[in-house]
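Participant: Next up is a structure, given as structure tokens.
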Amino acid sequence: MSYKIRQTPPPSRADRPTEKWFRRGLWLIAVIFASFLIGLGGKIVGDLPQAEPEKSLRHYMPAAELAPLEKQKTDLEQKQPALTRELEQAELALAEQQKNVLAEQKNLNNWLATRTVTEQSAQNPEVLARTRRLDALREQEKNLQKNIDRVQKQQLDLEQAIAVINEKIETLEQRAQPLKDAADRRIELTVFLYRLALTLPLLLAAGWLFAKQRQSRWWPFVWGFIGFALFAFFVELVPYLPSYGGYVRYAVGIVLTVLAGRYAIIAMGRYLERKQAEEALPPEHRRPRADYDQALLAIGKQICPGCERSLDFANAQMDFCPHCSIRLFQHCGHCQTRYSAFYRYCFHCGREAEEHSRPSVEGAP
């Protein structure tokens with residue numbers, strides 16, 4: 001008997017355009033749902049520090065000692081602008097007086113150089129008068145310089161007094177800093193516990209939804225919530241994890257890694273046990289267990305729907321998996337066309353798969 005050997009690409013739910021676009025739309029809904037949840041969660045987590053606001057260093061300094069020092073400092077600082085203005089005016093007056101002295105000296109030199117001296121200059125009344133006027137200007141210049149020196153000394157004394165007060169305030173700050181650091185660590189831990197109390201139940205709920213509801217009818221909202229819970233835990237919580245020199249963060253990282261590794265190892269062990277148990281069953285009992293759409297997707301990826309090993313589906317002589325013996329192709333009982341054993345209908349004549357043509361250990365009919 002001759003058989004018609006025909007092969008077509010296995011249909012897959014991914015090949016249905018309408019379903020494909022529906023799934024894309026549902027994933028978009030999941031992303032939008034997660035984004036709104038993330039926005040709301042971010043607002044809540046961002047406002048949590050207001051429950052335990054940090055206090056300034058001044059709060060931990062003794063008010064009985066700090067208040068008098070700050071008052072003295074304020075009084076001294078209020079005097080500084082007046083001294084600065086007084087110094088500017090004195091320097092301006094000194095500069096003007098120096099110009100007058102220079103001009104008077106120049107006039108005297110010119111007058112002596114141009115007049116005809118008929119008598120001793122030292123005894124000339126005009127010379128004496130001009131000299132006395134120049135000396136008076138120079139005396140005024142000296143007085144102005146003394147005034148500047150006085151103001152500068154006052155400024156220096158004022159700055160030194162402020163520096164002494166600043167040193168005393170700095171001493172109070174050094175004594176208060178350990179108190180503030182301890183209080184800040186307590187507040188940081190308290191706020192972190194608030195965040196943990198908010199995000200940990202979300203993470204646990206997301207784990208339960210992932211394990212039980214990720215393939216349910218409402219999976220877009222399930223995956224949206226899972227994305228929100230992961231974002232809340234790893235973005236809103238982990239960056240605020242108290243460090244304490246890195247010990248806490250490394251310890252938490254080790255614990256999370258051990259938990260994730262343990263889950264992965266257990267899941268892999270269960271998967272291998274399940275596959276071994278499935279492979280131990282006769283093919284006719286194993287075949288009905290395979291999900292129709294999942295089987296088609298596996299065939300489309302060139303892997304066995306039973307044992308999930310790679311196969312060459314282009315080989316027209318391969319009807320059974322060489323690894324687990326599950327039947328992959330069968331022949332239509334009506335037209336003898338070869339088609340996938342997981343198809344529900346013959347793609348050539350449209351007949352429904354018959355009981356005698358379903359997978360068995362005896363081989364092809």
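Just remember, in the structure tokens the first chain shown is A, the second B, etc., residues are 1-based per chain, and ligands are 1-based in the order shown.
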Quick one: residues within 12 Å of region 81-83 of chain A, only C-alpha atoms counted, chain neighbours fewer than 4 positions away excluded, as a list in words?

Facilitator: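 Residues near the query, excluding close chain neighbours: Asp75, Leu76, Glu77, Leu87, Glu88, Gln89, Ala90, Asn147, Ile148, Asp149, Arg150, Val151, Gln152, Lys153, Gln154, Gln155, Leu156, Asp157, Leu158 and Glu159 of chain A.
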
Participant: Take the residues from that selection and write them out as a PDB file, in the first residue's frame, keeping C-alpha atoms.

Facilitator:
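What landed in selection.pdb:
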```pdb
ATOM      1  CA  ASP A  75      24.663  90.797  67.953  1.00  0.00           C
ATOM      2  CA  LEU A  76      28.251  90.774  66.703  1.00  0.00           C
ATOM      3  CA  GLU A  77      27.234  90.059  63.109  1.00  0.00           C
ATOM      4  CA  LEU A  87      35.713 101.772  56.838  1.00  0.00           C
ATOM      5  CA  GLU A  88      34.642 102.526  53.260  1.00  0.00           C
ATOM      6  CA  GLN A  89      33.924 106.157  54.140  1.00  0.00           C
ATOM      7  CA  ALA A  90      37.232 106.521  55.985  1.00  0.00           C
ATOM      8  CA  ASN A 147      40.824 106.322  61.939  1.00  0.00           C
ATOM      9  CA  ILE A 148      41.087 103.588  59.289  1.00  0.00           C
ATOM     10  CA  ASP A 149      43.428 101.583  61.503  1.00  0.00           C
ATOM     11  CA  ARG A 150      40.954 101.916  64.363  1.00  0.00           C
ATOM     12  CA  VAL A 151      38.024 100.649  62.283  1.00  0.00           C
ATOM     13  CA  GLN A 152      40.092  97.778  60.908  1.00  0.00           C
ATOM     14  CA  LYS A 153      41.068  96.778  64.430  1.00  0.00           C
ATOM     15  CA  GLN A 154      37.415  96.791  65.461  1.00  0.00           C
ATOM     16  CA  GLN A 155      36.604  94.564  62.487  1.00  0.00           C
ATOM     17  CA  LEU A 156      39.414  92.173  63.417  1.00  0.00           C
ATOM     18  CA  ASP A 157      38.268  92.021  67.045  1.00  0.00           C
ATOM     19  CA  LEU A 158      34.722  91.387  65.878  1.00  0.00           C
ATOM     20  CA  GLU A 159      35.789  88.563  63.554  1.00  0.00           C
TER      21      GLU A 159
END
```

Participant: Give me, as an MDAnalysis selection string, all polymer residues having an atom no more than 12 Å from region 28-45 of chain A, counting only C-alpha atoms and skipping those fewer than 6 positions away in the same chain.

Facilitator: chainID A and resid 21:22 51 191:199 202 214 218:237 240

Participant: Enumerate, as an MDAnalysis selection string, the complete set of residues in region 168-302 of chain A that a backbone-based DSSP assignment places in helix (DSSP H, G or I).

Facilitator: chainID A and resid 168:212 219:234 238:240 247:280 283:289 292:300

Participant: Which residues, written as a PyMOL selection string, have at least one atom at most 10 Å from region 165-174 of chain A, with only C-alpha atoms counted and residues fewer than 5 positions away on the same chain left out?

Facilitator: chain A and resi 57-58+60-62+65-70+72-73+159-160+179-180

Participant: Save out the residues we just selected, C-alpha atoms, as a PDB file, in the first residue's frame.

Facilitator:
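Produced file selection35.pdb, reproduced below:
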```pdb
ATOM      1  CA  LEU A  57      21.305  68.774  64.208  1.00  0.00           C
ATOM      2  CA  ARG A  58      20.147  71.775  66.219  1.00  0.00           C
ATOM      3  CA  TYR A  60      20.028  67.517  69.543  1.00  0.00           C
ATOM      4  CA  MET A  61      22.105  70.455  70.846  1.00  0.00           C
ATOM      5  CA  PRO A  62      21.508  71.759  74.421  1.00  0.00           C
ATOM      6  CA  GLU A  65      24.132  76.551  75.917  1.00  0.00           C
ATOM      7  CA  LEU A  66      23.287  77.162  72.281  1.00  0.00           C
ATOM      8  CA  ALA A  67      20.834  80.054  72.645  1.00  0.00           C
ATOM      9  CA  PRO A  68      23.241  82.510  74.414  1.00  0.00           C
ATOM     10  CA  LEU A  69      26.001  81.750  71.917  1.00  0.00           C
ATOM     11  CA  GLU A  70      23.711  82.325  68.953  1.00  0.00           C
ATOM     12  CA  GLN A  72      26.033  86.839  70.979  1.00  0.00           C
ATOM     13  CA  LYS A  73      26.924  85.832  67.459  1.00  0.00           C
ATOM     14  CA  GLU A 159      35.789  88.563  63.554  1.00  0.00           C
ATOM     15  CA  GLN A 160      37.897  86.965  66.279  1.00  0.00           C
ATOM     16  CA  LEU A 179      22.895  61.567  68.920  1.00  0.00           C
ATOM     17  CA  LYS A 180      21.590  62.674  65.531  1.00  0.00           C
TER      18      LYS A 180
END
```

Participant: Name all residues at most 7 Å from region 305-317 of chain A (count only C-alpha atoms; drop same-chain ones fewer than 2 positions away) and give them as a ChimeraX atom specification.

Facilitator: /A:275,295,298-299,302-303,319,324,326

Participant: Identify, on the basis of only C-alpha atoms, every residue whose closest approach to Ala103 (chain A) does not exceed 12 Å; exclude the query and any residue fewer than 6 positions from it along the same chain; express the result as an MDAnalysis selection string.

Facilitator: chainID A and resid 96:97 109:110 133:134 137:138

Participant: May I have the residues within 12 Å of Gln98 (chain A) as a PyMOL selection string, using only C-alpha atoms and disregarding those fewer than 6 positions away in the same chain?

Facilitator: chain A and resi 91-92+104-105+134+137-145

Participant: Smallest atom-to-atom distance to Lys146 (chain A): which of A:Arg270, A:His331, A:Ile254, A:Leu94, using only C-alpha atoms?

Facilitator: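 Looking only at the distances to Lys146 (chain A), the closest residue turns out to be A:Leu94.
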